[in-house]
Amino acid sequence: RGRAEQVVVTVFVNPLQFGPAEDLTRYPRDLERDVALLAREGVDVVFAPGVEDVYPGGDPVVRVSAGALGDRLEGAHRPGHFDGVLTVVLKLLHLVRPDVALFGEKDAQQLMAVRRMVRDLDVPVDVVAGPTVRDADGLALSSRNAYLDADGRRHALALSRALDAARAAAAGG
């Protein structure tokens, strides 16, 4: 809100970024809850297109390639994932035409790939990183947290706790 007169949020589960053995069909979706949360935050417009709206001819023949950025780290385990991310992000940027686009720091590789795409393709948008939003126990908010039972959640918290400990150790010299 501090960066724009109007705030538009896109909500879209992109089939192009899911591999054949991934969870597209059972991916957690609750558009009513999302819209209610966004309304409380003062969002002006929620743009929640269907797959047929974003890809009217089916899977696009032309896609954006993440290049070497998409083959490392998470991309090494999810071939084509970042190509799918960049393809839909470019389409959504063209459809919405924002001056500023916010992406969470939680998905650092995605943020880096989007920034590089915007730079390389001269997309007229300022990409801003938003801090990772966490639950009270420190777990980063994510739709997929719905899959976690109590034991899984406890294990998932190990990463954020380790990062906090590393940050504290670095700050202490």
# chains A, B, ... in the order shown; residues from 1 in each chain; ligands from 1

call {"tool": "closest_atom_pairs", "arguments": {"of": "region 10-97 of chain A", "to": "region 108-126 of chain A", "cutoff": "9 Å", "atoms": "only C-alpha atoms", "output": "CSV"}}
result
residue,atom,partner,partner_atom,distance
A:Val64,CA,A:Met117,CA,8.5
A:Ser65,CA,A:Met117,CA,9.0
A:Ala66,CA,A:Ala113,CA,6.6
A:Leu69,CA,A:Ala113,CA,6.5
A:Gly70,CA,A:Ala113,CA,7.7
A:Leu73,CA,A:Gln109,CA,8.0
A:Glu74,CA,A:Gln109,CA,7.8
A:Gly75,CA,A:Gln109,CA,8.7
A:Phe82,CA,A:Gln110,CA,7.1
A:Val85,CA,A:Gln110,CA,7.6
A:Leu86,CA,A:Val114,CA,6.4
A:Val89,CA,A:Val114,CA,7.7
A:Leu90,CA,A:Val118,CA,8.4
A:Leu93,CA,A:Val125,CA,8.2
A:His94,CA,A:Val123,CA,8.9
A:Arg97,CA,A:Val125,CA,8.0

call {"tool": "residues_around", "arguments": {"residues": "Leu92 (chain A)", "least_positions_apart": "6", "cutoff": "10 Å", "atoms": "only C-alpha atoms", "output": "number ranges by chain"}}
result
A: 10, 12, 47, 49, 54, 86, 98

call {"tool": "closest_residue", "arguments": {"among": "A:Val96, A:Leu24, A:Leu141, A:Leu16", "to": "His81 (chain A)", "atoms": "only C-alpha atoms"}}
result
A:Leu16

call {"tool": "closest_residue", "arguments": {"among": "A:Asp44, A:Asp30, A:Asp71, A:Asp83", "to": "Pro15 (chain A)", "atoms": "only C-alpha atoms"}}
result
A:Asp83

call {"tool": "atom_distance", "arguments": {"atom1": "CA of Glu105 (chain A)", "atom2": "CA of Ala36 (chain A)"}}
result
23.5 Å

call {"tool": "select_by_dssp", "arguments": {"residues": "chain A", "states": "helix (DSSP H, G or I)", "output": "NGL selection string"}}
result
:A and (15-17 or 24-26 or 31-40 or 51-54 or 67-71 or 74-77 or 81-96 or 108-120 or 143-147 or 150-171)

call {"tool": "atom_distance", "arguments": {"atom1": "CA of Asp135 (chain A)", "atom2": "CA of Arg40 (chain A)"}}
result
17.8 Å

call {"tool": "residues_around", "arguments": {"residues": "region 136-139 of chain A", "least_positions_apart": "4", "cutoff": "9 Å", "atoms": "only C-alpha atoms", "output": "ChimeraX atom specification"}}
result
/A:145,153,156-157,159-161

call {"tool": "write_last_selection", "arguments": {"atoms": "all heavy atoms", "output": "PDB file, in the first residue's frame"}}
result
ATOM      1  N   ASN A 145       2.099 -26.078   4.082  1.00  0.00           N
ATOM      2  CA  ASN A 145       2.139 -26.407   5.506  1.00  0.00           C
ATOM      3  C   ASN A 145       0.902 -27.199   5.923  1.00  0.00           C
ATOM      4  O   ASN A 145       0.912 -27.877   6.947  1.00  0.00           O
ATOM      5  CB  ASN A 145       2.261 -25.153   6.370  1.00  0.00           C
ATOM      6  CG  ASN A 145       3.643 -24.549   6.302  1.00  0.00           C
ATOM      7  OD1 ASN A 145       4.563 -25.123   5.730  1.00  0.00           O
ATOM      8  ND2 ASN A 145       3.794 -23.371   6.870  1.00  0.00           N
ATOM      9  N   ARG A 153       5.730 -30.706  11.330  1.00  0.00           N
ATOM     10  CA  ARG A 153       5.901 -29.281  11.620  1.00  0.00           C
ATOM     11  C   ARG A 153       7.124 -29.060  12.520  1.00  0.00           C
ATOM     12  O   ARG A 153       7.905 -28.144  12.293  1.00  0.00           O
ATOM     13  CB  ARG A 153       4.641 -28.715  12.265  1.00  0.00           C
ATOM     14  CG  ARG A 153       4.672 -27.208  12.409  1.00  0.00           C
ATOM     15  CD  ARG A 153       3.319 -26.679  12.889  1.00  0.00           C
ATOM     16  NE  ARG A 153       3.379 -25.249  12.951  1.00  0.00           N
ATOM     17  CZ  ARG A 153       3.014 -24.429  11.981  1.00  0.00           C
ATOM     18  NH1 ARG A 153       2.556 -24.912  10.852  1.00  0.00           N
ATOM     19  NH2 ARG A 153       3.110 -23.123  12.121  1.00  0.00           N
ATOM     20  N   ALA A 156      10.108 -29.394  10.391  1.00  0.00           N
ATOM     21  CA  ALA A 156      10.235 -28.257   9.479  1.00  0.00           C
ATOM     22  C   ALA A 156      10.797 -27.028  10.191  1.00  0.00           C
ATOM     23  O   ALA A 156      11.502 -26.218   9.588  1.00  0.00           O
ATOM     24  CB  ALA A 156       8.873 -27.925   8.859  1.00  0.00           C
ATOM     25  N   LEU A 157      10.502 -26.897  11.465  1.00  0.00           N
ATOM     26  CA  LEU A 157      10.996 -25.752  12.237  1.00  0.00           C
ATOM     27  C   LEU A 157      12.508 -25.785  12.453  1.00  0.00           C
ATOM     28  O   LEU A 157      13.111 -24.758  12.762  1.00  0.00           O
ATOM     29  CB  LEU A 157      10.290 -25.679  13.592  1.00  0.00           C
ATOM     30  CG  LEU A 157       8.875 -25.120  13.520  1.00  0.00           C
ATOM     31  CD1 LEU A 157       8.124 -25.409  14.809  1.00  0.00           C
ATOM     32  CD2 LEU A 157       8.910 -23.635  13.239  1.00  0.00           C
ATOM     33  N   LEU A 159      14.877 -25.904  10.335  1.00  0.00           N
ATOM     34  CA  LEU A 159      15.582 -25.022   9.402  1.00  0.00           C
ATOM     35  C   LEU A 159      15.534 -23.569   9.862  1.00  0.00           C
ATOM     36  O   LEU A 159      16.573 -22.900   9.911  1.00  0.00           O
ATOM     37  CB  LEU A 159      15.014 -25.157   7.990  1.00  0.00           C
ATOM     38  CG  LEU A 159      15.688 -24.296   6.936  1.00  0.00           C
ATOM     39  CD1 LEU A 159      17.174 -24.597   6.839  1.00  0.00           C
ATOM     40  CD2 LEU A 159      15.019 -24.500   5.582  1.00  0.00           C
ATOM     41  N   SER A 160      14.345 -23.069  10.221  1.00  0.00           N
ATOM     42  CA  SER A 160      14.277 -21.669  10.644  1.00  0.00           C
ATOM     43  C   SER A 160      15.049 -21.456  11.946  1.00  0.00           C
ATOM     44  O   SER A 160      15.689 -20.418  12.130  1.00  0.00           O
ATOM     45  CB  SER A 160      12.829 -21.178  10.775  1.00  0.00           C
ATOM     46  OG  SER A 160      12.140 -21.864  11.781  1.00  0.00           O
ATOM     47  N   ARG A 161      15.020 -22.438  12.824  1.00  0.00           N
ATOM     48  CA  ARG A 161      15.788 -22.308  14.077  1.00  0.00           C
ATOM     49  C   ARG A 161      17.292 -22.312  13.801  1.00  0.00           C
ATOM     50  O   ARG A 161      18.042 -21.564  14.426  1.00  0.00           O
ATOM     51  CB  ARG A 161      15.389 -23.397  15.049  1.00  0.00           C
ATOM     52  CG  ARG A 161      13.974 -23.152  15.585  1.00  0.00           C
ATOM     53  CD  ARG A 161      13.578 -24.142  16.650  1.00  0.00           C
ATOM     54  NE  ARG A 161      12.238 -23.798  17.108  1.00  0.00           N
ATOM     55  CZ  ARG A 161      11.296 -24.687  17.364  1.00  0.00           C
ATOM     56  NH1 ARG A 161      11.537 -25.976  17.240  1.00  0.00           N
ATOM     57  NH2 ARG A 161      10.110 -24.297  17.769  1.00  0.00           N
TER      58      ARG A 161
END

call {"tool": "closest_atom_pairs", "arguments": {"of": "region 74-142 of chain A", "to": "region 1-4 of chain A", "cutoff": "10 Å", "atoms": "only C-alpha atoms", "output": "Markdown table"}}
result
| residue | atom | partner | partner_atom | distance |
| --- | --- | --- | --- | --- |
| A:Pro98 | CA | A:Ala4 | CA | 9.2 |
| A:Asp99 | CA | A:Ala4 | CA | 8.1 |
| A:Val100 | CA | A:Arg3 | CA | 7.5 |
| A:Ala101 | CA | A:Arg3 | CA | 9.9 |

call {"tool": "residues_around", "arguments": {"residues": "Leu102 (chain A)", "least_positions_apart": "3", "cutoff": "7 Å", "atoms": "only C-alpha atoms", "output": "list in words"}}
result
Val127, Val128, Ala129 and Gly130 of chain A

call {"tool": "closest_residue", "arguments": {"among": "A:Gln17, A:Tyr27, A:Ala171, A:Leu95", "to": "Asp59 (chain A)", "atoms": "only C-alpha atoms"}}
result
A:Gln17

call {"tool": "closest_residue", "arguments": {"among": "A:Leu31, A:Val8, A:Val13, A:Ala146", "to": "Val46 (chain A)", "atoms": "only C-alpha atoms"}}
result
A:Val8

call {"tool": "closest_residue", "arguments": {"among": "A:Ala169, A:Thr87, A:Gly80, A:Ala48", "to": "Pro60 (chain A)", "atoms": "only C-alpha atoms"}}
result
A:Thr87

call {"tool": "closest_residue", "arguments": {"among": "A:Glu32, A:Val133, A:Asp151, A:Ser143", "to": "Phe103 (chain A)", "atoms": "only C-alpha atoms"}}
result
A:Val133
